[in-house]
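Just below is one structure, and these are the notes that go with it.
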There are 2 protein chains.
Amino acid sequence: MLDEEHTDMNGQHFGDTLIERIRRLGHPLCVGLDPHLERIPPLFRRGSMGPDDPQTVEAVGAFLTAVLHRLPGRVAVVKPQSAFFEQMGWRGVQLLDRICRDARSLGLLVILDAKRGDIGSTAAAYARAYLDRDAPFAADALTVNPYLGPDSVVPFLSSAGNAGRGVFVLVRTSNPGAAAFQEGGGERPLWRRVADSLADAVEADRGQRTGWSGVGAVVGAEHVDIARTLRELLPAAPFLVPGFGAQGGGARDALAGFVPGPAGPEGGIVNSSRGVLFPDAGSTDDAGCWERAIDDGLARTIDALVRVMG
Amino acid sequence: MLDEEHTDMNGQHFGDTLIERIRRLGHPLCVGLDPHLERIPPLFRRGSMGPDDPQTVEAVGAFLTAVLHRLPGRVAVVKPQSAFFEQMGWRGVQLLDRICRDARSLGLLVILDAKRGDIGSTAAAYARAYLDRDAPFAADALTVNPYLGPDSVVPFLSSAGNAGRGVFVLVRTSNPGAAAFQEGGGERPLWRRVADSLADAVEADRGQRTGWSGVGAVVGAEHVDIARTLRELLPAAPFLVPGFGAQGGGARDALAGFVPGPAGPEGGIVNSSRGVLFPDAGSTDDAGCWERAIDDGLARTIDALVRVMG
């Protein structure tokens, strides 16, 4: 069963798979795998925990593997953050590769948050790395940065489309400085132009079973009006809403771009990292306590979402 | 001598080192290390040359090592393109790490072209990976994508500043679709807002010996007027001008943002990848021919720049 999950990509469609799994679980929570080295629980720490110490990679690997095993049946999607692996050098990237494979073997969908972006043959090389059918990194979807222009996104869209994989393009983020570049420009701020440039690709990749596309958008949780406008512009795009929980976004705001579906509001995923991974450092110094803390953190985060989905 | 080059980062300043080495050599050519798998010369090919074959990584490593050994004394800077390493999976990233170290051991400056960008602690993790004093990847400078906002660039600037390393922020690229997002917005298009957001950091990081900053900008070669405007906005920023040669930019246009210096026009680096790496596939099937082809390609490319520097 697990291997089938891993290999039947040819018949897969990311939008369909994503939304069907979320419907089945009843919530859109995605668990962000952001291994902050200084937050790895005592139970798993080894050696200096410095980024260049090979023992650190082992410690992070043991921690993330233990986390992954708490997730199947509870969440549909995980989002490894490439930066936290790259900070450990190539051994960290080797671990990222393993974690992606392990997650998919456990039946979890993997959105690799690497925010890659470049032009022409370079963008195609990134797409080959993460999205092609035989891509060395086993991701179901990749986050993409569109700064270089609509043509820079095309190689990612074609590789993803061919392999039944997904792409989440940065559109509007909710960090304090986002507006300086993503807003402005009068009636058509950058976020709207990026959205417009994706509209055809979103429509062209609608899944046959759910109508949701494999082409999605990263949309910060705090800008409710923008999320609603983006939903109008990109009706079939799954939204990746980052920063739920620790980064302060409320559940109701996070779901602003969601629409009624057969099993409740739907429209993408809401990511939480710290609230699940590092629920309470103090209570996680033995395995039993740690597992309870993770399970409780997960349950609390899911509850917060389910409560407003009513 | 070589080890000193590699370890004396503490006293280094990227802007100073870059410009001093360019002055010494008399030209601003940077060699892009973009290992297109299908273009690796027959001499070096092994196994299937598929991206997932470990033999491919060996072949690319042998090819790039041979290229690197042709460069010292001829060029000051190389620019490995991360995408072409990532497409080979974690083993490709391990090779990237080795190539960066080898290049620096040979006395070459390394600008890692990875166009990273993210917010908060994630941006800090990328900066730790590539720019901190003890960063696992041995780069002298990193390319950065500013889409997420000025605050997303800050962690890169602080890590680079602390370590005497450099940052090249994407400002205006010259791919056909660049204008759709980088232009527009009336009097202050995105590229100008990005430049304005960098102005203080560029000034604050001016080197004591040359006056050039460690904070630079990626500026496409085709837009001469924009390059001149950017030079006014960011007088001390080294420009990274991509796409010279194979991608069609002419030498005179590539130097549009340069200004008079003690040893001729200066103001950054001009990158060429294919014209140097893959000069003429047909003539490179034995080692002697291949070395001559590389040397000739390099000489031709340097000549084209020197000719217009008058």
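Ligands are numbered from 1 in the order shown, residues from 1 within each chain, and chains are lettered A, B, ... in the order they appear in the structure tokens.
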Each residue of chain A with at least one atom at most 8 Å from chain B should appear once, together with its nearest atom pair and the corresponding distance in Å (one decimal); atoms considered: only C-alpha atoms; ordering: chain, then increasing residue number; output as a tab-separated table.
residue	atom	partner	partner_atom	distance
A:Pro51	CA	B:Pro136	CA	7.5
A:Asp52	CA	B:Pro136	CA	6.0
A:Gln81	CA	B:Thr122	CA	7.8
A:Ala83	CA	B:Tyr126	CA	5.0
A:Phe84	CA	B:Ala125	CA	5.7
A:Glu86	CA	B:Ala129	CA	5.7
A:Gln87	CA	B:Ala129	CA	3.8
A:Met88	CA	B:Pro136	CA	6.5
A:Gly89	CA	B:Pro136	CA	5.0
A:Trp90	CA	B:Gln94	CA	5.0
A:Arg91	CA	B:Gln94	CA	7.7
A:Val93	CA	B:Trp90	CA	5.6
A:Gln94	CA	B:Trp90	CA	5.0
A:Asp97	CA	B:Trp90	CA	7.0
A:Lys115	CA	B:Gly117	CA	7.0
A:Arg116	CA	B:Arg116	CA	7.1
A:Gly117	CA	B:Lys115	CA	7.0
A:Asp118	CA	B:Lys115	CA	7.5
A:Ile119	CA	B:Asn175	CA	7.2
A:Thr122	CA	B:Ala83	CA	6.0
A:Ala123	CA	B:Ala83	CA	7.4
A:Ala125	CA	B:Ala83	CA	5.5
A:Tyr126	CA	B:Ala83	CA	5.1
A:Ala127	CA	B:Gln87	CA	7.9
A:Arg128	CA	B:Gln87	CA	5.7
A:Ala129	CA	B:Gln87	CA	3.8
A:Tyr130	CA	B:Gln87	CA	7.6
A:Ala135	CA	B:Gln87	CA	7.5
A:Pro136	CA	B:Gly89	CA	4.9
A:Phe137	CA	B:Gly89	CA	6.1
A:Asn145	CA	B:Tyr147	CA	7.2
A:Pro146	CA	B:Tyr147	CA	7.7
A:Tyr147	CA	B:Tyr147	CA	5.7
A:Leu148	CA	B:Ala178	CA	5.3
A:Gly149	CA	B:Ala178	CA	4.5
A:Pro150	CA	B:Gly177	CA	5.8
A:Asp151	CA	B:Gly177	CA	5.3
A:Ser152	CA	B:Gly177	CA	7.5
A:Thr173	CA	B:Leu148	CA	6.7
A:Asn175	CA	B:Ile119	CA	7.2
A:Pro176	CA	B:Asp151	CA	7.4
A:Gly177	CA	B:Gly149	CA	4.9
A:Ala178	CA	B:Gly149	CA	4.5
A:Ala179	CA	B:Gly149	CA	7.0
A:Ala180	CA	B:Gly149	CA	6.1
A:Phe181	CA	B:Gly149	CA	5.7
A:Gln182	CA	B:Tyr147	CA	7.3
A:Gly184	CA	B:Gly185	CA	6.3
A:Gly185	CA	B:Gly185	CA	3.2
A:Gly186	CA	B:Gly185	CA	6.2
A:Arg188	CA	B:Gly185	CA	7.8
A:Pro189	CA	B:Gly185	CA	7.2
A:Leu190	CA	B:Phe181	CA	6.3
A:Arg193	CA	B:Phe181	CA	7.0
A:Val194	CA	B:Phe181	CA	7.3
DSSP strand (DSSP E) residues within range 30-223 of chain B, as an MDAnalysis selection string: chainID B and resid 30:33 77:80 109:116 141:144 166:172 215:219
Atom pair CA of Leu230 in chain A / CA of Ile269 in chain A: separation (Å): 15.0 Å
8 Å contact set for range 201-216 of chain B, only C-alpha atoms, chain neighbours under 2 positions out, as JSON, numbers by chain: {"B": [13, 14, 15, 16, 19, 20, 157, 160, 161, 164, 165, 166, 167, 168, 169, 198, 199, 218, 234, 236, 237, 238, 239, 240]}
